[in-house]
file structure.pdb (PDB, C-alpha atoms and all ligand atoms)
MODEL        1
ATOM      1  CA  MET A 135     -91.813-115.854 -16.879
ATOM      2  CA  ASN A 136     -89.845-116.288 -13.655
ATOM      3  CA  ARG A 137     -88.175-119.690 -13.385
ATOM      4  CA  ARG A 138     -89.719-121.555 -10.419
ATOM      5  CA  ILE A 139     -87.186-123.196  -8.088
ATOM      6  CA  ILE A 140     -86.938-125.149  -4.832
ATOM      7  CA  LEU A 141     -83.603-124.549  -3.078
ATOM      8  CA  ASP A 142     -82.510-127.546  -0.964
ATOM      9  CA  CYS A 143     -79.549-126.434   1.135
ATOM     10  CA  ASP A 144     -77.327-126.770   4.220
ATOM     11  CA  PRO A 145     -76.388-123.138   5.090
ATOM     12  CA  GLY A 146     -73.393-122.807   5.088
ATOM     13  CA  HIS A 147     -71.826-119.535   3.942
ATOM     14  CA  ASP A 148     -71.965-120.300   0.245
ATOM     15  CA  ASP A 149     -75.527-121.642   0.548
ATOM     16  CA  ALA A 150     -76.434-118.222   1.974
ATOM     17  CA  MET A 151     -74.859-116.573  -1.072
ATOM     18  CA  ALA A 152     -76.888-118.869  -3.332
ATOM     19  CA  MET A 153     -80.032-117.729  -1.470
ATOM     20  CA  MET A 154     -78.998-114.082  -1.993
ATOM     21  CA  LEU A 155     -78.677-114.626  -5.745
ATOM     22  CA  ALA A 156     -81.964-116.556  -5.953
ATOM     23  CA  ALA A 157     -83.902-113.960  -3.930
ATOM     24  CA  SER A 158     -82.638-110.870  -5.757
ATOM     25  CA  LYS A 159     -85.407-109.038  -7.599
ATOM     26  CA  LEU A 160     -82.830-108.439 -10.335
ATOM     27  CA  ASN A 161     -82.986-112.106 -11.295
ATOM     28  CA  ASN A 162     -85.651-114.136 -13.009
ATOM     29  CA  LEU A 163     -86.165-116.743 -10.303
ATOM     30  CA  LYS A 164     -89.206-117.498  -8.138
ATOM     31  CA  LEU A 165     -88.335-119.280  -4.880
ATOM     32  CA  GLU A 166     -91.221-121.739  -4.292
ATOM     33  CA  ALA A 167     -89.632-123.245  -1.174
ATOM     34  CA  ILE A 168     -86.405-123.546   0.771
ATOM     35  CA  THR A 169     -85.684-126.964   2.278
ATOM     36  CA  THR A 170     -82.819-127.900   4.568
ATOM     37  CA  VAL A 171     -80.730-131.042   4.955
ATOM     38  CA  ALA A 172     -77.970-132.228   7.303
ATOM     39  CA  GLY A 173     -74.651-131.317   5.745
ATOM     40  CA  ASN A 174     -72.267-128.526   6.722
ATOM     41  CA  VAL A 175     -73.694-128.707  10.230
ATOM     42  CA  ASP A 176     -76.635-130.587  11.751
ATOM     43  CA  VAL A 177     -80.073-129.947  10.287
ATOM     44  CA  GLU A 178     -81.285-128.022  13.359
ATOM     45  CA  LYS A 179     -78.484-125.495  13.004
ATOM     46  CA  ASN A 180     -78.642-125.136   9.254
ATOM     47  CA  THR A 181     -82.430-124.752   9.374
ATOM     48  CA  ASN A 182     -81.982-121.972  11.911
ATOM     49  CA  ASN A 183     -79.415-120.438   9.559
ATOM     50  CA  ALA A 184     -81.783-120.675   6.602
ATOM     51  CA  LEU A 185     -84.437-118.805   8.600
ATOM     52  CA  ARG A 186     -81.927-116.154   9.706
ATOM     53  CA  ILE A 187     -80.924-115.608   6.068
ATOM     54  CA  CYS A 188     -84.589-115.415   5.008
ATOM     55  CA  ASP A 189     -85.057-112.641   7.597
ATOM     56  CA  LEU A 190     -82.037-110.827   6.134
ATOM     57  CA  LEU A 191     -83.293-111.194   2.544
ATOM     58  CA  GLY A 192     -86.916-110.376   3.376
ATOM     59  CA  LEU A 193     -88.141-113.797   2.257
ATOM     60  CA  ASN A 194     -91.266-113.654   4.423
ATOM     61  CA  ASP A 195     -93.520-115.547   2.010
ATOM     62  CA  VAL A 196     -91.204-118.408   1.058
ATOM     63  CA  PRO A 197     -91.928-121.605   3.056
ATOM     64  CA  VAL A 198     -88.896-123.121   4.812
ATOM     65  CA  ALA A 199     -89.137-126.821   5.711
ATOM     66  CA  LYS A 200     -86.675-128.859   7.752
ATOM     67  CA  GLY A 201     -85.419-132.058   6.135
ATOM     68  CA  ALA A 202     -83.344-135.132   6.760
ATOM     69  CA  ALA A 203     -81.213-135.203   9.896
ATOM     70  CA  GLN A 204     -79.043-138.086   8.694
ATOM     71  CA  PRO A 205     -77.846-139.527   5.367
ATOM     72  CA  LEU A 206     -79.700-142.589   4.031
ATOM     73  CA  ILE A 207     -77.175-145.180   5.188
ATOM     74  CA  ARG A 208     -74.000-143.705   6.693
ATOM     75  CA  LYS A 209     -73.602-141.514   9.781
ATOM     76  CA  MET A 210     -73.491-137.733   9.359
ATOM     77  CA  LYS A 211     -70.042-136.168   8.814
ATOM     78  CA  ALA A 212     -70.318-132.372   9.062
ATOM     79  CA  ALA A 213     -67.980-129.639   7.811
ATOM     80  CA  ALA A 214     -67.774-127.378  10.854
ATOM     81  CA  HIS A 215     -64.041-126.965  10.083
ATOM     82  CA  VAL A 216     -65.083-124.879   7.081
ATOM     83  CA  HIS A 217     -68.276-123.150   8.249
ATOM     84  CA  GLY A 218     -67.705-123.030  12.014
ATOM     85  CA  GLN A 219     -69.773-124.630  14.770
ATOM     86  CA  SER A 220     -72.895-122.586  13.939
ATOM     87  CA  GLY A 221     -72.535-123.268  10.215
ATOM     88  CA  LEU A 222     -72.532-119.508   9.656
ATOM     89  CA  ASP A 223     -69.645-118.314  11.862
ATOM     90  CA  GLY A 224     -68.288-114.811  11.323
ATOM     91  CA  THR A 225     -71.670-113.088  10.900
ATOM     92  CA  THR A 226     -73.505-110.762  13.293
ATOM     93  CA  LEU A 227     -76.995-111.780  12.154
ATOM     94  CA  PRO A 228     -79.490-112.097  15.038
ATOM     95  CA  VAL A 229     -78.969-115.582  16.504
ATOM     96  CA  GLU A 230     -82.718-116.252  16.797
ATOM     97  CA  PRO A 231     -84.684-115.936  13.532
ATOM     98  CA  PHE A 232     -88.038-114.163  13.331
ATOM     99  CA  LYS A 233     -89.311-116.447  10.538
ATOM    100  CA  GLN A 234     -90.578-119.919  11.505
ATOM    101  CA  ILE A 235     -90.444-123.205   9.604
ATOM    102  CA  VAL A 236     -93.607-124.798   8.200
ATOM    103  CA  LYS A 237     -94.858-127.961   9.882
ATOM    104  CA  GLN A 238     -94.345-130.167   6.827
ATOM    105  CA  HIS A 239     -91.159-132.209   6.467
ATOM    106  CA  ALA A 240     -88.965-130.975   3.610
ATOM    107  CA  VAL A 241     -89.492-134.195   1.660
ATOM    108  CA  ASP A 242     -93.282-133.805   1.835
ATOM    109  CA  LEU A 243     -93.127-130.148   0.812
ATOM    110  CA  ILE A 244     -90.927-131.021  -2.195
ATOM    111  CA  ILE A 245     -93.378-133.774  -3.228
ATOM    112  CA  GLU A 246     -96.413-131.495  -2.779
ATOM    113  CA  LYS A 247     -94.902-128.618  -4.771
ATOM    114  CA  ILE A 248     -93.787-130.871  -7.629
ATOM    115  CA  ILE A 249     -97.020-132.895  -7.818
ATOM    116  CA  ASP A 250     -99.142-129.707  -7.802
ATOM    117  CA  SER A 251     -96.992-128.089 -10.517
ATOM    118  CA  ASP A 252     -97.208-128.226 -14.306
ATOM    119  CA  GLY A 253     -93.745-129.768 -14.417
ATOM    120  CA  ASP A 254     -92.101-126.322 -14.390
ATOM    121  CA  ILE A 255     -90.200-126.477 -11.071
ATOM    122  CA  THR A 256     -86.405-126.880 -10.962
ATOM    123  CA  ILE A 257     -84.826-128.330  -7.821
ATOM    124  CA  VAL A 258     -81.527-126.689  -6.844
ATOM    125  CA  PRO A 259     -79.679-128.824  -4.268
ATOM    126  CA  THR A 260     -76.620-127.153  -2.706
ATOM    127  CA  GLY A 261     -76.064-129.729   0.040
ATOM    128  CA  PRO A 262     -76.174-133.521   0.311
ATOM    129  CA  LEU A 263     -78.921-135.110  -1.820
ATOM    130  CA  THR A 264     -80.712-136.965   0.979
ATOM    131  CA  ASN A 265     -84.039-135.060   0.728
ATOM    132  CA  ILE A 266     -84.168-135.383  -3.055
ATOM    133  CA  ALA A 267     -83.531-139.132  -2.934
ATOM    134  CA  LEU A 268     -86.165-139.599  -0.204
ATOM    135  CA  ALA A 269     -88.724-137.599  -2.219
ATOM    136  CA  ILE A 270     -88.039-139.702  -5.333
ATOM    137  CA  ARG A 271     -88.333-142.927  -3.365
ATOM    138  CA  LYS A 272     -91.421-141.854  -1.393
ATOM    139  CA  GLU A 273     -93.304-140.580  -4.465
ATOM    140  CA  PRO A 274     -91.860-141.761  -7.821
ATOM    141  CA  LYS A 275     -94.676-139.860  -9.584
ATOM    142  CA  ILE A 276     -92.618-136.688  -9.122
ATOM    143  CA  ILE A 277     -89.841-137.968 -11.418
ATOM    144  CA  PRO A 278     -91.471-136.954 -14.738
ATOM    145  CA  LYS A 279     -92.677-133.690 -13.188
ATOM    146  CA  ILE A 280     -89.289-132.340 -12.026
ATOM    147  CA  LYS A 281     -88.162-129.945 -14.776
ATOM    148  CA  GLU A 282     -84.461-130.286 -13.881
ATOM    149  CA  ILE A 283     -82.152-130.897 -10.950
ATOM    150  CA  VAL A 284     -79.404-128.241 -11.041
ATOM    151  CA  LEU A 285     -77.003-129.156  -8.278
ATOM    152  CA  MET A 286     -73.721-128.215  -6.662
ATOM    153  CA  GLY A 287     -71.746-131.364  -5.991
ATOM    154  CA  GLY A 288     -69.180-133.831  -7.298
ATOM    155  CA  GLY A 289     -66.309-133.229  -9.658
ATOM    156  CA  THR A 290     -63.431-135.069 -11.283
ATOM    157  CA  TYR A 291     -61.589-134.759  -7.940
ATOM    158  CA  GLY A 292     -62.593-134.319  -4.293
ATOM    159  CA  ASN A 293     -62.356-131.886  -1.391
ATOM    160  CA  ARG A 294     -63.543-134.163   1.455
ATOM    161  CA  THR A 295     -61.335-137.008   0.267
ATOM    162  CA  PRO A 296     -59.024-137.100  -2.746
ATOM    163  CA  ALA A 297     -61.885-138.776  -4.640
ATOM    164  CA  ALA A 298     -65.088-137.256  -3.234
ATOM    165  CA  GLU A 299     -66.618-133.780  -2.988
ATOM    166  CA  PHE A 300     -68.363-133.059   0.337
ATOM    167  CA  ASN A 301     -72.046-132.967  -0.737
ATOM    168  CA  ILE A 302     -71.750-136.324  -2.489
ATOM    169  CA  TYR A 303     -69.449-137.805   0.176
ATOM    170  CA  VAL A 304     -72.008-137.168   2.946
ATOM    171  CA  ASP A 305     -74.639-139.284   1.170
ATOM    172  CA  ALA A 306     -73.370-141.150  -1.902
ATOM    173  CA  GLU A 307     -76.336-143.546  -1.843
ATOM    174  CA  ALA A 308     -78.684-140.563  -2.176
ATOM    175  CA  ALA A 309     -76.583-139.170  -5.026
ATOM    176  CA  LYS A 310     -76.747-142.542  -6.805
ATOM    177  CA  ILE A 311     -80.564-142.551  -6.571
ATOM    178  CA  VAL A 312     -80.734-139.002  -7.966
ATOM    179  CA  LEU A 313     -78.219-139.568 -10.804
ATOM    180  CA  GLU A 314     -80.023-142.781 -11.845
ATOM    181  CA  SER A 315     -83.533-141.300 -11.544
ATOM    182  CA  GLY A 316     -83.844-140.196 -15.163
ATOM    183  CA  VAL A 317     -84.510-136.574 -14.156
ATOM    184  CA  PRO A 318     -82.535-134.081 -16.324
ATOM    185  CA  ILE A 319     -79.447-133.107 -14.296
ATOM    186  CA  GLU A 320     -76.986-130.216 -14.490
ATOM    187  CA  MET A 321     -74.013-130.822 -12.180
ATOM    188  CA  PHE A 322     -71.769-127.989 -10.932
ATOM    189  CA  GLY A 323     -68.781-129.723  -9.376
ATOM    190  CA  LEU A 324     -65.431-128.558  -8.055
ATOM    191  CA  ASP A 325     -63.991-128.353 -11.583
ATOM    192  CA  VAL A 326     -66.091-125.234 -12.114
ATOM    193  CA  THR A 327     -66.804-123.975  -8.591
ATOM    194  CA  HIS A 328     -63.073-123.681  -7.934
ATOM    195  CA  GLN A 329     -63.085-121.130 -10.768
ATOM    196  CA  ALA A 330     -65.575-118.963  -8.806
ATOM    197  CA  LEU A 331     -62.967-117.390  -6.546
ATOM    198  CA  ALA A 332     -63.680-114.271  -4.483
ATOM    199  CA  THR A 333     -60.260-112.709  -5.072
ATOM    200  CA  SER A 334     -59.173-109.621  -3.121
ATOM    201  CA  ASP A 335     -60.080-107.146  -5.892
ATOM    202  CA  ARG A 336     -63.618-108.567  -6.023
ATOM    203  CA  MET A 337     -63.806-108.505  -2.207
ATOM    204  CA  MET A 338     -62.738-104.859  -2.294
ATOM    205  CA  GLU A 339     -65.517-104.017  -4.788
ATOM    206  CA  MET A 340     -68.146-105.860  -2.707
ATOM    207  CA  SER A 341     -67.061-104.256   0.562
ATOM    208  CA  ALA A 342     -67.950-100.849  -0.895
ATOM    209  CA  ILE A 343     -71.636-101.824  -1.328
ATOM    210  CA  ASN A 344     -73.611-100.203   1.472
ATOM    211  CA  ASN A 345     -76.738-102.225   2.271
ATOM    212  CA  PRO A 346     -77.474-104.756   5.057
ATOM    213  CA  VAL A 347     -77.429-107.777   2.724
ATOM    214  CA  ALA A 348     -74.075-106.858   1.196
ATOM    215  CA  LYS A 349     -72.615-106.148   4.630
ATOM    216  CA  ALA A 350     -73.764-109.559   5.923
ATOM    217  CA  VAL A 351     -72.485-111.345   2.815
ATOM    218  CA  MET A 352     -69.122-109.622   3.268
ATOM    219  CA  GLN A 353     -68.955-110.907   6.845
ATOM    220  CA  MET A 354     -69.601-114.400   5.475
ATOM    221  CA  MET A 355     -67.083-113.905   2.684
ATOM    222  CA  ASN A 356     -64.383-112.696   5.094
ATOM    223  CA  PHE A 357     -64.843-115.714   7.377
ATOM    224  CA  TYR A 358     -65.028-118.125   4.430
ATOM    225  CA  SER A 359     -61.952-116.544   2.777
ATOM    226  CA  GLN A 360     -59.850-117.083   5.905
ATOM    227  CA  ILE A 361     -60.440-120.809   5.476
ATOM    228  CA  TYR A 362     -59.867-120.886   1.722
ATOM    229  CA  GLN A 363     -56.938-118.460   1.585
ATOM    230  CA  GLY A 364     -55.536-119.401   4.982
ATOM    231  CA  LYS A 365     -55.889-123.162   5.494
ATOM    232  CA  LEU A 366     -56.522-124.269   1.913
ATOM    233  CA  GLY A 367     -54.143-121.959   0.049
ATOM    234  CA  PHE A 368     -56.573-120.608  -2.545
ATOM    235  CA  THR A 369     -56.223-117.079  -3.990
ATOM    236  CA  GLY A 370     -59.803-116.445  -2.846
ATOM    237  CA  ALA A 371     -62.839-118.196  -1.359
ATOM    238  CA  ALA A 372     -64.443-120.710  -3.762
ATOM    239  CA  VAL A 373     -68.122-119.803  -3.695
ATOM    240  CA  HIS A 374     -69.551-123.159  -4.749
ATOM    241  CA  ASP A 375     -73.308-122.919  -4.181
ATOM    242  CA  PRO A 376     -74.093-119.734  -6.145
ATOM    243  CA  CYS A 377     -72.903-121.515  -9.340
ATOM    244  CA  PRO A 378     -76.073-123.566 -10.054
ATOM    245  CA  VAL A 379     -78.218-120.507  -9.286
ATOM    246  CA  ALA A 380     -76.095-118.323 -11.593
ATOM    247  CA  TYR A 381     -76.580-120.940 -14.327
ATOM    248  CA  LEU A 382     -80.366-120.615 -14.046
ATOM    249  CA  ILE A 383     -80.057-116.833 -14.354
ATOM    250  CA  ASP A 384     -77.522-116.803 -17.214
ATOM    251  CA  PRO A 385     -76.462-120.214 -18.604
ATOM    252  CA  THR A 386     -74.107-118.537 -21.091
ATOM    253  CA  MET A 387     -71.505-118.049 -18.362
ATOM    254  CA  PHE A 388     -70.882-121.829 -18.245
ATOM    255  CA  GLU A 389     -69.656-124.424 -20.693
ATOM    256  CA  MET A 390     -71.418-127.748 -20.114
ATOM    257  CA  GLU A 391     -70.495-131.242 -21.367
ATOM    258  CA  ARG A 392     -72.932-134.165 -21.820
ATOM    259  CA  VAL A 393     -71.472-137.052 -19.806
ATOM    260  CA  ARG A 394     -72.257-140.232 -17.926
ATOM    261  CA  ILE A 395     -71.834-139.879 -14.152
ATOM    262  CA  ASP A 396     -71.807-142.908 -11.853
ATOM    263  CA  ILE A 397     -71.503-142.630  -8.087
ATOM    264  CA  GLU A 398     -69.121-144.849  -6.126
ATOM    265  CA  THR A 399     -70.904-146.219  -3.036
ATOM    266  CA  LYS A 400     -68.684-149.193  -2.170
ATOM    267  CA  GLY A 401     -65.068-148.041  -2.364
ATOM    268  CA  GLU A 402     -63.076-148.048   0.855
ATOM    269  CA  PHE A 403     -61.119-144.988  -0.298
ATOM    270  CA  THR A 404     -63.329-143.787  -3.159
ATOM    271  CA  TYR A 405     -66.769-143.657  -1.496
ATOM    272  CA  GLY A 406     -68.668-140.639  -2.861
ATOM    273  CA  MET A 407     -66.570-140.300  -6.029
ATOM    274  CA  THR A 408     -68.487-138.979  -9.065
ATOM    275  CA  CYS A 409     -67.060-141.019 -11.935
ATOM    276  CA  VAL A 410     -67.365-138.710 -14.946
ATOM    277  CA  TYR A 411     -67.293-140.721 -18.205
ATOM    278  CA  THR A 412     -66.744-138.585 -21.280
ATOM    279  CA  ASN A 413     -67.277-139.506 -24.945
ATOM    280  CA  GLY A 414     -67.027-143.209 -25.648
ATOM    281  CA  MET A 415     -65.657-144.315 -22.274
ATOM    282  CA  THR A 416     -68.769-146.325 -21.435
ATOM    283  CA  ASP A 417     -71.842-147.758 -23.197
ATOM    284  CA  ARG A 418     -74.026-146.602 -20.312
ATOM    285  CA  GLU A 419     -76.335-143.759 -21.337
ATOM    286  CA  PRO A 420     -75.280-140.156 -20.568
ATOM    287  CA  ASN A 421     -77.272-138.881 -17.556
ATOM    288  CA  ALA A 422     -76.026-135.364 -16.822
ATOM    289  CA  ASN A 423     -74.650-132.108 -18.180
ATOM    290  CA  PHE A 424     -71.389-131.427 -16.346
ATOM    291  CA  ALA A 425     -70.048-127.886 -15.939
ATOM    292  CA  ARG A 426     -66.509-127.551 -17.250
ATOM    293  CA  THR A 427     -65.753-123.812 -17.384
ATOM    294  CA  LEU A 428     -67.053-120.563 -15.918
ATOM    295  CA  ASN A 429     -66.827-117.042 -17.314
ATOM    296  CA  GLN A 430     -65.595-115.476 -14.058
ATOM    297  CA  ASP A 431     -66.213-111.867 -15.113
ATOM    298  CA  LYS A 432     -69.840-112.631 -15.989
ATOM    299  CA  PHE A 433     -70.295-114.567 -12.726
ATOM    300  CA  TRP A 434     -68.904-111.827 -10.469
ATOM    301  CA  ASP A 435     -70.683-109.096 -12.417
ATOM    302  CA  LEU A 436     -73.973-110.898 -11.697
ATOM    303  CA  PHE A 437     -73.023-111.551  -8.052
ATOM    304  CA  ILE A 438     -72.106-107.910  -7.423
ATOM    305  CA  ARG A 439     -75.116-106.484  -9.285
ATOM    306  CA  SER A 440     -77.339-108.824  -7.262
ATOM    307  CA  LEU A 441     -75.786-107.573  -4.001
ATOM    308  CA  LYS A 442     -76.397-103.980  -5.119
ATOM    309  CA  SER A 443     -80.035-104.828  -5.915
ATOM    310  CA  TYR A 444     -80.760-104.992  -2.161
ATOM    311  CA  SER A 445     -80.010-101.257  -1.730
TER     312      SER A 445
HETATM  313  O1  LIG A 501     -68.002-129.008  -1.485
HETATM  314  C1  LIG A 501     -68.678-127.780  -1.380
HETATM  315  C2  LIG A 501     -70.058-127.975  -0.842
HETATM  316  O2  LIG A 501     -69.995-128.493   0.473
HETATM  317  C3  LIG A 501     -70.854-126.653  -0.718
HETATM  318  O3  LIG A 501     -72.206-126.901  -0.943
HETATM  319  C4  LIG A 501     -70.630-126.239   0.705
HETATM  320  O4  LIG A 501     -71.724-125.461   1.235
HETATM  321  C5  LIG A 501     -70.592-127.573   1.392
HETATM  322  O5  LIG A 501     -71.938-127.964   1.635
HETATM  323 CA    CA A 502     -73.872-126.255   0.719
ENDMDL
END
call {"tool": "encode", "arguments": {"input": "structure.pdb", "output": "structure tokens", "more": "lines below"}}
Ligand code: RIB
Ligand code: CA
result
Amino acid sequence: MNRRIILDCDPGHDDAMAMMLAASKLNNLKLEAITTVAGNVDVEKNTNNALRICDLLGLNDVPVAKGAAQPLIRKMKAAAHVHGQSGLDGTTLPVEPFKQIVKQHAVDLIIEKIIDSDGDITIVPTGPLTNIALAIRKEPKIIPKIKEIVLMGGGTYGNRTPAAEFNIYVDAEAAKIVLESGVPIEMFGLDVTHQALATSDRMMEMSAINNPVAKAVMQMMNFYSQIYQGKLGFTGAAVHDPCPVAYLIDPTMFEMERVRIDIETKGEFTYGMTCVYTNGMTDREPNANFARTLNQDKFWDLFIRSLKSYS
């Protein structure tokens, strides 16, 4: 049975790669909806990007709904320095998408899909958690019906500040609502996504794949790698957002640890920090499975086979 998912994203190069993995016929996932949220760039731009990527992937039947334009409390802080002004710089995809969004707001579409389900839908956030928090607050009846929230965000260190990872930093109040909701959570933070590096030998292998999806993903990868290898000094681009999707396809490639995660929402310098308490550090109940390690060969084998599946 295909695992039913809602992908809530802020495309974003690595969000686009997560969509590629999720949409591949090779994999056992059924995309029920794609929802967008202000994050890497403003929600207008990243919604346009989500539609452009749906055109590329042939996702004609998957509803795309636009979501929150601002975090719950703080003002939006984008990441154009990583993804470019468009949020998807470096690609030659048609600027105007063919696909259109649905009229519903993302939060309402998430609520409708979850309420109408048998409790078998997993939400996969790869951007700030604003939409998920709003859905939980607007309709608490969805809480027992969300199978799992499998998210990219957080970590025991940060990339937007020394303490905070970008997706959590943009809307820590939303992250706090989600982490305290009681919904089963799998968190893929920087500790593991920084192990998913597109090194030059993997880039070489991917550049030999001759189909439009692989060519577009390589354009994204080349742009994204310039930032990670150039400005940030990595040995390859860290493809964060495909990690939670890869977990749903093959959980054996990750080692997870049961932990307590609390979100800092008040710290002057630590706002957005995911405080990861391991065994015995706190008497507060564990509330998440936290990804510690990634089997890189398994991850890239899946990523490359998925790219080839579009031939
Ligand atoms: O910190 C990495 C996360 O921030 C990824 O989801 C990337 O797309 C950006 O949104
Ligand atoms: Ca993202």
call {"tool": "axis_aligned_box", "arguments": {"input": "structure.pdb", "around": "ligand LIG 501 (chain A)", "padding_each_side": "4 Å", "output": "JSON"}}
result
{"center_x": -70.1, "center_y": -127.2, "center_z": 0.1, "size_x": 12.2, "size_y": 11.5, "size_z": 11.1}
call {"tool": "residues_around", "arguments": {"input": "structure.pdb", "residues": "Ile266 in chain A", "least_positions_apart": "4", "cutoff": "9 Å", "atoms": "all atoms listed in the file", "output": "ChimeraX atom specification"}}
result
/A:142,241,244,257,259,262,270-271,308-309,311-312
call {"tool": "resolve_selection", "arguments": {"input": "structure.pdb", "expression": "the PyMOL selection byres (((chain A and resi 154) around 10) and not hetatm)", "output": "PyMOL selection string"}}
result
chain A and resi 148-153+155-159+187-188+190-191+347-348+351+376+379+437+440-441+444
call {"tool": "resolve_selection", "arguments": {"input": "structure.pdb", "expression": "the PyMOL selection byres (((chain A and resi 253) around 6) and not hetatm)", "output": "JSON, numbers by chain"}}
result
{"A": [251, 252, 254, 255, 279, 280, 281]}
call {"tool": "resolve_selection", "arguments": {"input": "structure.pdb", "expression": "the PyMOL selection byres (((chain A and resi 162) around 8) and not hetatm)", "output": "ChimeraX atom specification"}}
result
/A:135-137,159-161,163-164,383
call {"tool": "write_last_selection", "arguments": {"input": "structure.pdb", "atoms": "C-alpha atoms", "output": "PDB file, in the frame of the given file"}}
result
ATOM      1  CA  MET A 135     -91.813-115.854 -16.879  1.00  0.00           C
ATOM      2  CA  ASN A 136     -89.845-116.288 -13.655  1.00  0.00           C
ATOM      3  CA  ARG A 137     -88.175-119.690 -13.385  1.00  0.00           C
ATOM      4  CA  LYS A 159     -85.407-109.038  -7.599  1.00  0.00           C
ATOM      5  CA  LEU A 160     -82.830-108.439 -10.335  1.00  0.00           C
ATOM      6  CA  ASN A 161     -82.986-112.106 -11.295  1.00  0.00           C
ATOM      7  CA  LEU A 163     -86.165-116.743 -10.303  1.00  0.00           C
ATOM      8  CA  LYS A 164     -89.206-117.498  -8.138  1.00  0.00           C
ATOM      9  CA  ILE A 383     -80.057-116.833 -14.354  1.00  0.00           C
TER      10      ILE A 383
END
call {"tool": "residues_near_ligand", "arguments": {"input": "structure.pdb", "ligand": "ligand CA 502 (chain A)", "cutoff": "10 Å", "atoms": "only C-alpha atoms and all ligand atoms", "output": "PyMOL selection string"}}
result
chain A and resi 142-152+170-175+180+213+217+259-262+285-287+300-301+373-376
call {"tool": "closest_residue", "arguments": {"input": "structure.pdb", "among": "A:Thr264, A:Ser359, A:Asn421, A:Thr386", "to": "Gly201 in chain A", "atoms": "only C-alpha atoms"}}
result
A:Thr264
call {"tool": "residues_around", "arguments": {"input": "structure.pdb", "residues": "Met407 in chain A", "least_positions_apart": "5", "cutoff": "10 Å", "atoms": "all atoms listed in the file", "output": "ChimeraX atom specification"}}
result
/A:288-292,295-300,302-303,306,395-401
call {"tool": "closest_residue", "arguments": {"input": "structure.pdb", "among": "A:Gly323, A:Pro385, A:Pro274, A:Gly367", "to": "ligand LIG 501 (chain A)", "atoms": "all atoms listed in the file"}}
result
A:Gly323
call {"tool": "residues_near_point", "arguments": {"input": "structure.pdb", "point": "(-76.2, -130.7, 13.8)", "cutoff": "10 Å", "atoms": "all atoms listed in the file", "output": "PyMOL selection string"}}
result
chain A and resi 171-181+203-204+210-212+214+219-221
call {"tool": "write_last_selection", "arguments": {"input": "structure.pdb", "atoms": "C-alpha atoms", "output": "PDB file, keeping the file's coordinate frame"}}
result
ATOM      1  CA  VAL A 171     -80.730-131.042   4.955  1.00  0.00           C
ATOM      2  CA  ALA A 172     -77.970-132.228   7.303  1.00  0.00           C
ATOM      3  CA  GLY A 173     -74.651-131.317   5.745  1.00  0.00           C
ATOM      4  CA  ASN A 174     -72.267-128.526   6.722  1.00  0.00           C
ATOM      5  CA  VAL A 175     -73.694-128.707  10.230  1.00  0.00           C
ATOM      6  CA  ASP A 176     -76.635-130.587  11.751  1.00  0.00           C
ATOM      7  CA  VAL A 177     -80.073-129.947  10.287  1.00  0.00           C
ATOM      8  CA  GLU A 178     -81.285-128.022  13.359  1.00  0.00           C
ATOM      9  CA  LYS A 179     -78.484-125.495  13.004  1.00  0.00           C
ATOM     10  CA  ASN A 180     -78.642-125.136   9.254  1.00  0.00           C
ATOM     11  CA  THR A 181     -82.430-124.752   9.374  1.00  0.00           C
ATOM     12  CA  ALA A 203     -81.213-135.203   9.896  1.00  0.00           C
ATOM     13  CA  GLN A 204     -79.043-138.086   8.694  1.00  0.00           C
ATOM     14  CA  MET A 210     -73.491-137.733   9.359  1.00  0.00           C
ATOM     15  CA  LYS A 211     -70.042-136.168   8.814  1.00  0.00           C
ATOM     16  CA  ALA A 212     -70.318-132.372   9.062  1.00  0.00           C
ATOM     17  CA  ALA A 214     -67.774-127.378  10.854  1.00  0.00           C
ATOM     18  CA  GLN A 219     -69.773-124.630  14.770  1.00  0.00           C
ATOM     19  CA  SER A 220     -72.895-122.586  13.939  1.00  0.00           C
ATOM     20  CA  GLY A 221     -72.535-123.268  10.215  1.00  0.00           C
TER      21      GLY A 221
END
call {"tool": "atom_distance", "arguments": {"input": "structure.pdb", "atom1": "CA of Glu320 in chain A", "atom2": "CA of Ala422 in chain A"}}
result
5.7 Å
call {"tool": "closest_residue", "arguments": {"input": "structure.pdb", "among": "A:Tyr405, A:Trp434, A:Phe424, A:Tyr362", "to": "Asp325 in chain A", "atoms": "all atoms listed in the file"}}
result
A:Phe424
call {"tool": "atom_distance", "arguments": {"input": "structure.pdb", "atom1": "CA of Leu227 in chain A", "atom2": "CA of Glu339 in chain A"}}
result
21.9 Å
